[in-house]
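As structure tokens, the structure follows; a few thoughts come after it.
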Amino acid sequence: MKLGFIGCGNMAGAMLGGILKEELLKKDEIIASTSSAKSLQRVRECFGICTALSNREVAEKSEILVLAVKPQYYEEIIEEIRECISDSQIVVSIAPGKSLDWLEERFGKPLKLVRCMPNTPALVGEGITGVCRNRRVEDGELEQVCRILRSCGETEVLSEHLMDVVVSVSGSSPAYVFLFIEAMADAAVADGMPRAQAYKFASQAILGSARMVLETGRHPGELKDMVCSPGGTTIEAVRVLEEKGFRSAVIEAMKACVRKAKGM
Ligand SMILES: NC(=O)C1=CN([C@@H]2O[C@H](COP(=O)(O)OP(=O)(O)OC[C@H]3O[C@@H](n4cnc5c(N)ncnc54)[C@H](OP(=O)(O)O)[C@@H]3O)[C@@H](O)[C@H]2O)C=CC1
Ligand SMILES: O=C(O)[C@@H]1CCC=N1
């Protein structure tokens, strides 16, 4: 097996969506385990990949092994699989707050470790993943992992001290954006627009605005100013957003997110 997942829920499923769509790996080169036969059946039906109820089997068979369980299960999963892992494999953590030192200590032996923070837009190939590695991972091996991650979207290799920030600005941030889409759609519905149409308008506005930032390279403030006609409608909305503390709410929320990640 080229790639294994221990745990196959929301995040592993999103990554699999990207990987299989890009046809980077064949279905029979990927294996996953979960906590029950029922959820494994769902994984087989959804993705057609190989499955095993035994985490040890997945750990033994995978060249690259992704630990895709909730952070609170990391300790017990590592304890369960540590004997079956060798230094010829690459173990990939996607959990917030679990440092490379913490992981090395739990495995208790020399191991190639990659720590990354993906996000669920991976499902549609529009994710972004922050990646760092321990000193045992060679450049070519990191590239192997990044090739897989790139099938889910963008990948940025960065220093480990920024990983908690990555949690806040990309791992968790789709949730804030979905909240924003819901809020905008609720307002449009309140003013008479059918709900499905409201989601379409709100989502496309966010997609288009994000592409403008990425593709023009212009400052977001400048792009905002281009929308705000003097004495117009947009500046009225911006005035109310500032009055209600929109910018500060986002900053405080993301600071809380980073604090939580640091404490995990
Ligand atoms: N969701 C997100 O947006 C993001 C999540 N992450 C990180 O990804 C990791 C997974 O999160 P997420 O996918 O959301 O979580 P989910 O709860 O959706 O999935 C967790 C998976 O782990 C399985 N599992 C639980 N216990 C065991 C066990 N003992 N052995 C094998 N499998 C087990 C579950 O099995 P079952 O299906 O049977 O319950 C499930 O398939 C977390 O560390 C999270 O912090 C990182 C970035 C973004
Ligand atoms: O909420 C969480 O803890 C995980 C990490 C980033 C996104 N979801």
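Numbering starts fresh at 1 for the residues of each chain in the structure tokens, the chains themselves are lettered A, B, ... in the order given, and ligands are numbered from 1 as they appear.
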I'd like the neighbourhood of stretch 44-58 of chain A as an MDAnalysis selection string, where a residue qualifies if any of its atoms comes within 10 Å (using only C-alpha atoms), though same-chain residues fewer than 5 positions away should be ignored. chainID A and resid 1 3:8 13 16:17 20 26:37 39 63 65:66 77:78 80:85
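Residues of stretch 81-198 of chain A assigned to strand (DSSP E) by DSSP on this structure's backbone: Ile90, Val91, Val92, Ser93, Lys112, Leu113, Val114, Arg115, Cys116, Met117, Gly127, Ile128, Thr129, Gly130, Val131, Cys132, Arg133, Gly153, Glu154, Thr155, Glu156 and Val157 of chain A.
Of note, atom CA of A:Tyr73 and atom 26 (N, counted along the ligand's line) of ligand 1 are spaced 6.5 Å apart.
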Give me the residues within 9 Å of stretch 244-255 of chain A as a PyMOL selection string, counting only C-alpha atoms and dropping any in the same chain fewer than 6 places off. chain A and resi 165+168-169+172-173+176
Mind dumping the selected residues with C-alpha atoms as a compact mmCIF listing (two decimals), in the first residue's frame?
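Heads up, here's the output in selection09.txt:
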# COMPACT_ATOMS: atom_id res chain seq x y z
CA VAL A 165 -1.54 29.70 13.17
CA SER A 168 -6.63 29.00 12.74
CA VAL A 169 -6.18 30.52 9.27
CA SER A 172 -10.55 25.71 11.09
CA SER A 173 -11.34 28.67 8.85
CA TYR A 176 -16.03 30.64 9.80
Please extract the residues at most 7 Å from ligand 2, counting only C-alpha atoms and all ligand atoms, and provide them as a PyMOL selection string, using the chain letters and residue numbers of this document. chain A and resi 95-96+119+167+171-172
Find the residue from A:Pro121, A:Gly9, A:Gly192, A:Gly263 that sits nearest to A:Phe178; use only C-alpha atoms when measuring.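 Nearest to A:Phe178: A:Pro121.
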Members of stretch 13-261 of chain A assigned alpha helix (DSSP H) by DSSP, as a VMD selection string: chain A and resid 13 to 21 37 to 47 55 to 61 74 to 81 100 to 107 139 to 150 163 to 166 173 to 190 195 to 216 220 to 227 233 to 243 246 to 261
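For the atom pair formed by atom CA of A:Ala175 and atom CA of A:Leu24, the distance is 27.7 Å, given to one decimal.
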